[in-house]
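Before any comments, here is the structure.
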There are 2 protein chains.
Amino acid sequence: MSAILVVGSVAYDDVQTPFERKHRVLGGAACYFSIAASLYAPVKVVGVVGEDFASSDIDRLGRKDIDTSAIEHRPGPSFHWSGRYDYELSGAESLSTELGVFADWRPQVPDRFVGSEYVFLANIDPEIQLETLEQMRRPAIVMLDTMNFWIDHKRDALERVLAKVDVVSINEAEARQLCHTFSIIRAAREILALGPRALLVKRGEHGATLFTRDGAFWAPAYPLEKIQDPTGAGDAFAGGLIGYLARCGQADDGALRRATIHGIVCASFAVETFSVDGIEAMTREAAAERYRALRALVALEAKALRDEDPFEAAAAG
Amino acid sequence: MSAILVVGSVAYDDVQTPFERKHRVLGGAACYFSIAASLYAPVKVVGVVGEDFASSDIDRLGRKDIDTSAIEHRPGPSFHWSGRYDYELSGAESLSTELGVFADWRPQVPDRFVGSEYVFLANIDPEIQLETLEQMRRPAIVMLDTMNFWIDHKRDALERVLAKVDVVSINEAEARQLCHTFSIIRAAREILALGPRALLVKRGEHGATLFTRDGAFWAPAYPLEKIQDPTGAGDAFAGGLIGYLARCGQADDGALRRATIHGIVCASFAVETFSVDGIEAMTREAAAERYRALRALVALEAKALRDEDPFEAAAAG
């Protein structure tokens, strides 16, 4: 079970939905990712917070298997995002993004962490993703997340970093935007041609599709009766995915497919509540139950399902 | 292999997409359904056409295993729908709907057809669906399609007919509209409580979900690089679904799950071309190949797939 490193935002979020409103709750890609991934393997966070950041929130991470010693503390305000969701709960409208100490931060990976085998470069300027990657020794798997803003404004840097990573996650609209096509299949082929050997196209409430050179794997979303807050779903997804790969120590197509389901499971816990509360409370037993339910959801015969623990068996069904 | 009866529109369509425009092509729910279903079992069509309807178009149906002898010919124009799709190719905008001879038509099921075991009541006034159903002797499986217009304007009649059918197909937005909830799971529970034992929620380019009292089954859409015209996808879906049930003579949860995949396969051929051209050219071999590809798309290990012919084996994987 190898260590995981994540580089990304540690933040406070204000979130509005048609039903509720939350002020200054714990957020940020690195938080969602690390809490989810820590269910599978130890995680180290490289990030930055301001002087307003509550030590109790650092402690929340520390109570999981998360090393927070590389979270820098700087004078000034922490990253603070404010967003709103409509009735469809699909796609946030950003009301404000106050970068604070995050604005001119350049991640420094401490020497003790440069040997980490699994690396998640959360959504951030692709030039910074490149700089971070250059500090790493020889990671086994690097996963990258990005967004429409960087596709528009830093396409060259984005293409350079895409050529150096193993796994990319991106949502459907961004895949279309990146490749100037409506066809997700064509977009997937073009993105894989840039270098990565696996692409995860996130489809929100419809699940996610894994593309590799050998084929595609389509995972449904976990059917939830109530979704409270979609914030962080993509980072929790990445946490479950990289967490599982680190835990099982494999990265073939089968492992990537199982990891995709683990990602979906973590995302389902993330969106059930505001902030990181859902993934914080997630247990291996509860995650394994959802994993099996997701397998049953696509099975032709429910009885054909084996009752395995997907956290224990590398070849779990 | 039992006979299938479909009651619905036989029409001409004008279709515009961002890329192309077609004038007076063969369409109508009964056409899409019967051509798809005829790949599986014999089909009888109860419908009506006007004096402008080309006998060559009746012949197109007749060249399949489709009995067109109960298509009435009346003075006046045929049903003529005109619609437009946007760049997303999701959801048509109806530009005009000229009902013609369809307007005051009341289906008369000929005596020789009232014993049909499999019945598809295509989207039409639910009062007419009820009247038609009363003429049938004792069908094994009745499937019903409906739309937002009837939910808004004929809710009582719709609820009465829902109580008398076995399988309902409806799209996601309509399910939410019918049950006044955003939760598809809650909507599914409420619709099943009205009487049907299976509900198909159509998700367009994301596939379809089957709900029964015993659980849910999530089928992806067949991944197409090019979609030319979504018209008729839902009716072709119903054709593959009912066709398979009639062919295999089973209707348990396993059969319904396999039938759902056959429905997805037929829908994929329908949307690849304008009009019914795609399903008209579909072969059992090509459909079986897509069936297996859809199973591979959700399989954890590609090698675990059995290479069966889904048209021959009732328990095909």
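Chain labels run A, B, ... following the order of the structure tokens; each chain numbers its residues from 1, and ligands are numbered from 1 in the order shown.
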
Residues of chain B within 9 Å of chain A, counting only C-alpha atoms, as a ChimeraX atom specification: /B:87-88,182-186,203,206,215-220,223-227,253-255,257-258,295-302,317

Quick one: residues within 9 Å of Cys31 in chain B, only C-alpha atoms counted, chain neighbours fewer than 4 positions away excluded, as a list in words?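 Those residues are Gly8, Ser9, Val10, Ala11, Leu26, Gly27, Ile35, Ala36, Val45, Leu61, Gly232, Asp235, Ala236 and Val276 of chain B.
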
Polymer residues at most 10 Å from Pro196 in chain A, only C-alpha atoms, same-chain spacing of 2 or more positions, as a PyMOL selection string: chain A and resi 142-144+161-168+191-194+198-199+212-213

Write the selection just made, keeping C-alpha atoms, as a PDB file, in the first residue's frame?
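The file below, out_31.pdb, is the result:
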```pdb
ATOM      1  CA  VAL A 142      -0.024  10.695 -11.731  1.00  0.00           C
ATOM      2  CA  MET A 143      -3.639  11.837 -12.063  1.00  0.00           C
ATOM      3  CA  LEU A 144      -4.624  15.315 -13.172  1.00  0.00           C
ATOM      4  CA  VAL A 161       1.262  18.558 -18.598  1.00  0.00           C
ATOM      5  CA  LEU A 162      -1.274  16.183 -20.198  1.00  0.00           C
ATOM      6  CA  ALA A 163       1.656  14.550 -22.008  1.00  0.00           C
ATOM      7  CA  LYS A 164       3.293  13.763 -18.657  1.00  0.00           C
ATOM      8  CA  VAL A 165       0.446  12.260 -16.638  1.00  0.00           C
ATOM      9  CA  ASP A 166      -1.141   8.802 -16.562  1.00  0.00           C
ATOM     10  CA  VAL A 167      -4.762   9.535 -15.703  1.00  0.00           C
ATOM     11  CA  VAL A 168      -6.859  12.580 -16.562  1.00  0.00           C
ATOM     12  CA  ILE A 191      -6.975  13.263 -25.294  1.00  0.00           C
ATOM     13  CA  LEU A 192      -5.411   9.792 -25.031  1.00  0.00           C
ATOM     14  CA  ALA A 193      -3.299  10.655 -28.075  1.00  0.00           C
ATOM     15  CA  LEU A 194      -1.806  13.540 -26.066  1.00  0.00           C
ATOM     16  CA  ALA A 198      -6.519   6.612 -18.977  1.00  0.00           C
ATOM     17  CA  LEU A 199      -9.201   9.265 -19.243  1.00  0.00           C
ATOM     18  CA  THR A 212      -8.100   3.517 -22.151  1.00  0.00           C
ATOM     19  CA  ARG A 213      -6.385   2.373 -25.314  1.00  0.00           C
TER      20      ARG A 213
END
```

For Asp111 in chain B, list every protein, DNA or RNA residue within 12 Å, evaluated using only C-alpha atoms, and leave out those in the same chain fewer than 6 positions away; present the list as a list in words. Val46, Ala70, Gln135, Met136 and Arg137 of chain B

Just list as number ranges by chain whatever in range 27-180 of chain A DSSP marks as helix (DSSP H, G or I). A: 29-37, 55-62, 100-102, 111-113, 126-135, 148-153, 155-162, 172-179

Determine which residues of range 19-195 of chain B DSSP labels as strand (DSSP E) from the backbone of this structure, then write them out as an NGL selection string. :B and (21-27 or 43-49 or 66-73 or 79-84 or 93-98 or 118-121 or 141-145 or 167-171)
